[in-house]
Amino acid sequence: MPRDAERTKAAGGGYTRFTRVRRASYCRVLLVVSTFCLLGLYSQLLRVTSPFCEQLGGFINHRHRPQLSPLLSPLKFKKDGSFQLSIFSDLHFGENAWEPWGPKQDLASLGVINSVLDREPETDFVVLNGDIITGENVYLDNDTQYIDKIAETLASRDITWGSTYGNHDSDCRLSPTAMFEREKRYKGSRTARMVRGREEGVGVTNYYLEVQGLDARVEMVLWFFDSRGGFVSQEEGGGNRRKGRENWVSKEVVRWFREMSGRLKRENGGRSLPGLGFVHIPIGAFWEVQKRGIDGKKQPGINGDQPVNRQGEGWCKDGMEGCEYGGQDGGFMEAVMEEGLLGLFVGHDHGDTWCSDYEKGGRRVYLCFGQHTGYGGYGSWIRGSRQVWVSIEGLRLREMDTWVRLESGKVVGRVRLNETFGRDEYEVVEDERTHLPVDEEN
């Protein structure tokens, strides 16, 4: 293979072998840059050095560890051995900013976030699970202001978070990379980019985060995947050309996931670490479960979007839309099962909020939709957030608790995901709706 081709392959894959000839020179540069990174406690210097430190560190260590702000301490279980996540899905900021109702939607969405977090004070970590922005309604020069609104809201509460990007986070006038770079200005962001490659080819938000126990031993891994979709960004496509992106987790990311999962297992003495996965667009397993039937007593939640929109649905080779599902997510689905994820959490379908179990090949994973959080996007189902509560002891038994906290303050769909889930019965979730208040002038 020609040297240029080898270098291109190494840079595009992100986790492939780095050319040894270049390693020594990069290490010397890293030594100098590290000095500036250590001085990053000064906020102005940190803004200058962090992006380069993050990028250079990624080439040296093959993105084996997410490069986070030095101001962030590791994620840890609380003293009682518990850890709670609040998942906000489909915020859809930035719709019709030129109309009075557009900004009102965004304010209402921030209200949902604050309402939920006010009532869930034990939240240790927030997940923004895709479609943070409605890309077709914003531009490259103003999309980041919406990231600011969300990040500032979370930062004001001293809450740390991680994101996945969804199909609406990419459009011909919107850059997911610009969103990522803006998000990384905030010390509370743990969003990372561990798989190098073209934005169109592998996406941006592919990474993992470790959660430590009381003795600093890693007890859980949070995995984040970019299901891509939407349209080619301004950086990739040029101008306002709209060409559909592949809308599934790429094969490169699947290989990275398998390799990192195996490496983490080896680093922990052959012990498989319990993992929770987050991705915006559902995999085909959700469709298979729905096709068999959702029982409102055993799988409480709204089942308003039928059939489930799967990764690969609607994408055409020519970049157009409307083609049938082609099983493109099969490799990712197999990896989710074989690498032993305990649960996979998705958004995308605003009218689905249920959880179910899925078994295949003697393995079991829990599949959960979030709750439509934002006032942007289609549908008027009541807004809220899926909550996930895990304990170190429960993880060893492969079980966890989850519920939905609605903007009204009510809790619905509380279930325990364990061996008897699917046989246990719960209270049926009502199909509630909420609408944006409209004054007489508008």
# chains A, B, ... in the order shown; residues from 1 in each chain; ligands from 1

call {"tool": "residues_around", "arguments": {"residues": "region 306-315 of chain A", "least_positions_apart": "5", "cutoff": "9 Å", "atoms": "only C-alpha atoms", "output": "MDAnalysis selection string"}}
result
chainID A and resid 227 229 244:249 281:288 290:291 320:329 348:349 351:352

call {"tool": "closest_residue", "arguments": {"among": "A:Ser408, A:Asn418, A:Ser272, A:Asn206", "to": "Glu252 (chain A)", "atoms": "only C-alpha atoms"}}
result
A:Asn206

call {"tool": "atom_distance", "arguments": {"atom1": "CA of Asp215 (chain A)", "atom2": "CA of Asp124 (chain A)"}}
result
17.8 Å

call {"tool": "select_by_dssp", "arguments": {"residues": "region 97-318 of chain A", "states": "strand (DSSP E or B)", "output": "PyMOL selection string"}}
result
chain A and resi 125-129+133+161-164+171+174+189+207-212+218-224+231+244+275-278+303+314-315

call {"tool": "residues_around", "arguments": {"residues": "region 425-433 of chain A", "least_positions_apart": "6", "cutoff": "7 Å", "atoms": "only C-alpha atoms", "output": "PyMOL selection string"}}
result
chain A and resi 296-298+300-302+380-382+412-413

call {"tool": "write_last_selection", "arguments": {"atoms": "C-alpha atoms", "output": "PDB file, in the first residue's frame"}}
result
ATOM      1  CA  GLY A 296     -49.434  -1.634  27.970  1.00  0.00           C
ATOM      2  CA  LYS A 297     -49.415  -3.422  31.337  1.00  0.00           C
ATOM      3  CA  LYS A 298     -46.141  -5.266  30.894  1.00  0.00           C
ATOM      4  CA  PRO A 300     -45.940   0.572  29.940  1.00  0.00           C
ATOM      5  CA  GLY A 301     -45.559   3.572  27.698  1.00  0.00           C
ATOM      6  CA  ILE A 302     -47.019   5.236  24.637  1.00  0.00           C
ATOM      7  CA  SER A 380     -47.959  16.813  20.963  1.00  0.00           C
ATOM      8  CA  TRP A 381     -47.312  13.939  23.367  1.00  0.00           C
ATOM      9  CA  ILE A 382     -46.595  15.334  26.814  1.00  0.00           C
ATOM     10  CA  VAL A 412     -45.188   7.341  34.724  1.00  0.00           C
ATOM     11  CA  GLY A 413     -43.934   4.033  33.378  1.00  0.00           C
TER      12      GLY A 413
END

call {"tool": "closest_residue", "arguments": {"among": "A:Leu117, A:Val336, A:Leu85, A:Ser391", "to": "Arg364 (chain A)", "atoms": "only C-alpha atoms"}}
result
A:Val336

call {"tool": "select_by_dssp", "arguments": {"residues": "region 115-294 of chain A", "states": "helix (DSSP H, G or I)", "output": "number ranges by chain"}}
result
A: 115-119, 135-137, 144-155, 167-169, 176-183, 199-202, 234-237, 251-267, 284-292

call {"tool": "write_last_selection", "arguments": {"atoms": "C-alpha atoms", "output": "short mmCIF file (atom, residue, chain, number, x, y, z; two decimals), in the first residue's frame"}}
result
data_model
loop_
_atom_site.label_atom_id
_atom_site.label_comp_id
_atom_site.auth_asym_id
_atom_site.auth_seq_id
_atom_site.Cartn_x
_atom_site.Cartn_y
_atom_site.Cartn_z
CA SER A 115 -38.86 21.12 35.55
CA VAL A 116 -37.42 17.63 35.30
CA LEU A 117 -34.12 18.46 37.00
CA ASP A 118 -35.93 20.32 39.79
CA ARG A 119 -37.81 17.10 40.54
CA GLY A 135 -31.01 21.59 11.29
CA GLU A 136 -33.14 22.53 8.32
CA ASN A 137 -34.31 25.66 10.16
CA THR A 144 -24.20 27.18 17.98
CA GLN A 145 -26.30 29.75 19.86
CA TYR A 146 -28.79 26.98 20.56
CA ILE A 147 -26.03 24.80 21.99
CA ASP A 148 -25.25 27.75 24.26
CA LYS A 149 -28.80 27.90 25.59
CA ILE A 150 -28.84 24.23 26.52
CA ALA A 151 -25.27 24.12 27.84
CA GLU A 152 -25.72 27.24 29.96
CA THR A 153 -28.88 25.79 31.50
CA LEU A 154 -27.04 22.62 32.53
CA ALA A 155 -23.89 24.46 33.56
CA ASN A 167 -30.53 13.05 11.96
CA HIS A 168 -31.82 16.62 12.46
CA ASP A 169 -28.42 17.68 13.79
CA PRO A 176 -22.30 18.65 13.59
CA THR A 177 -18.58 19.28 13.96
CA ALA A 178 -19.25 22.96 14.70
CA MET A 179 -21.86 21.88 17.25
CA PHE A 180 -19.33 19.59 18.86
CA GLU A 181 -16.63 22.26 19.00
CA ARG A 182 -19.08 24.70 20.55
CA GLU A 183 -20.25 22.17 23.10
CA GLU A 199 -18.14 13.58 9.43
CA GLU A 200 -20.37 12.08 6.75
CA GLY A 201 -18.74 8.65 6.98
CA VAL A 202 -18.58 7.87 10.71
CA GLN A 234 -22.14 22.63 4.52
CA GLU A 235 -18.57 21.50 5.19
CA GLU A 236 -19.01 18.18 3.43
CA GLY A 237 -21.41 19.02 0.62
CA LYS A 251 -19.19 -0.34 10.18
CA GLU A 252 -16.08 1.57 11.26
CA VAL A 253 -17.80 2.49 14.52
CA VAL A 254 -18.99 -1.09 15.06
CA ARG A 255 -15.37 -2.31 14.70
CA TRP A 256 -14.21 0.38 17.11
CA PHE A 257 -16.92 -0.63 19.61
CA ARG A 258 -15.89 -4.28 19.51
CA GLU A 259 -12.20 -3.45 19.84
CA MET A 260 -12.69 -1.03 22.74
CA SER A 261 -15.06 -3.40 24.50
CA GLY A 262 -12.49 -6.18 24.29
CA ARG A 263 -9.70 -3.89 25.45
CA LEU A 264 -11.68 -2.71 28.47
CA LYS A 265 -12.39 -6.31 29.37
CA ARG A 266 -8.69 -7.19 29.22
CA GLU A 267 -7.79 -4.13 31.29
CA GLY A 284 -34.23 -3.10 14.10
CA ALA A 285 -34.69 -4.94 17.40
CA PHE A 286 -37.15 -2.24 18.49
CA TRP A 287 -39.20 -2.91 15.35
CA GLU A 288 -39.13 -6.66 15.98
CA VAL A 289 -40.38 -6.19 19.54
CA GLN A 290 -43.14 -3.82 18.43
CA LYS A 291 -44.21 -6.20 15.68
CA ARG A 292 -44.75 -8.95 18.27
#

call {"tool": "atom_distance", "arguments": {"atom1": "CA of Gly203 (chain A)", "atom2": "CA of Asp226 (chain A)"}}
result
5.5 Å

call {"tool": "residues_around", "arguments": {"residues": "Arg398 (chain A)", "least_positions_apart": "2", "cutoff": "7 Å", "atoms": "only C-alpha atoms", "output": "list in words"}}
result
Leu342, Gly394, Leu395, Arg396 and Asn418 of chain A

call {"tool": "closest_atom_pairs", "arguments": {"of": "region 227-341 of chain A", "to": "region 88-108 of chain A", "cutoff": "12 Å", "atoms": "only C-alpha atoms", "output": "JSON lines"}}
result
{"residue": "A:Phe278", "atom": "CA", "partner": "A:Ser89", "partner_atom": "CA", "distance": 10.6}
{"residue": "A:Val279", "atom": "CA", "partner": "A:Ser89", "partner_atom": "CA", "distance": 10.2}
{"residue": "A:His280", "atom": "CA", "partner": "A:Ser89", "partner_atom": "CA", "distance": 8.1}
{"residue": "A:Ile281", "atom": "CA", "partner": "A:Asp90", "partner_atom": "CA", "distance": 10.8}

call {"tool": "write_last_selection", "arguments": {"atoms": "N, CA and C atoms", "output": "PDB file, in the first residue's frame"}}
result
ATOM      1  N   PHE A 278     -26.338   4.529  24.179  1.00  0.00           N
ATOM      2  CA  PHE A 278     -27.214   5.630  23.787  1.00  0.00           C
ATOM      3  C   PHE A 278     -27.000   5.924  22.304  1.00  0.00           C
ATOM      4  N   VAL A 279     -28.092   5.947  21.563  1.00  0.00           N
ATOM      5  CA  VAL A 279     -28.032   6.235  20.136  1.00  0.00           C
ATOM      6  C   VAL A 279     -29.371   6.844  19.755  1.00  0.00           C
ATOM      7  N   HIS A 280     -29.389   7.718  18.786  1.00  0.00           N
ATOM      8  CA  HIS A 280     -30.635   8.430  18.496  1.00  0.00           C
ATOM      9  C   HIS A 280     -31.657   7.559  17.762  1.00  0.00           C
ATOM     10  N   ILE A 281     -31.284   7.007  16.625  1.00  0.00           N
ATOM     11  CA  ILE A 281     -32.242   6.252  15.810  1.00  0.00           C
ATOM     12  C   ILE A 281     -32.289   4.803  16.295  1.00  0.00           C
TER      13      ILE A 281
END

call {"tool": "residues_around", "arguments": {"residues": "Val221 (chain A)", "least_positions_apart": "2", "cutoff": "7 Å", "atoms": "only C-alpha atoms", "output": "ChimeraX atom specification"}}
result
/A:208-211,223,273-276

call {"tool": "write_last_selection", "arguments": {"atoms": "C-alpha atoms", "output": "tab-separated table (two decimals), in the first residue's frame"}}
result
chain	number	residue	atom	x	y	z
A	208	TYR	CA	-17.51	5.94	25.86
A	209	LEU	CA	-17.31	7.11	29.46
A	210	GLU	CA	-16.32	5.07	32.49
A	211	VAL	CA	-18.15	5.34	35.80
A	223	TRP	CA	-21.42	4.03	25.29
A	273	LEU	CA	-18.11	-4.32	32.47
A	274	PRO	CA	-21.85	-3.60	32.49
A	275	GLY	CA	-22.68	-1.10	29.76
A	276	LEU	CA	-25.51	1.23	28.81

call {"tool": "closest_residue", "arguments": {"among": "A:His350, A:Arg363, A:Arg196, A:Arg383", "to": "Ala335 (chain A)", "atoms": "only C-alpha atoms"}}
result
A:Arg363
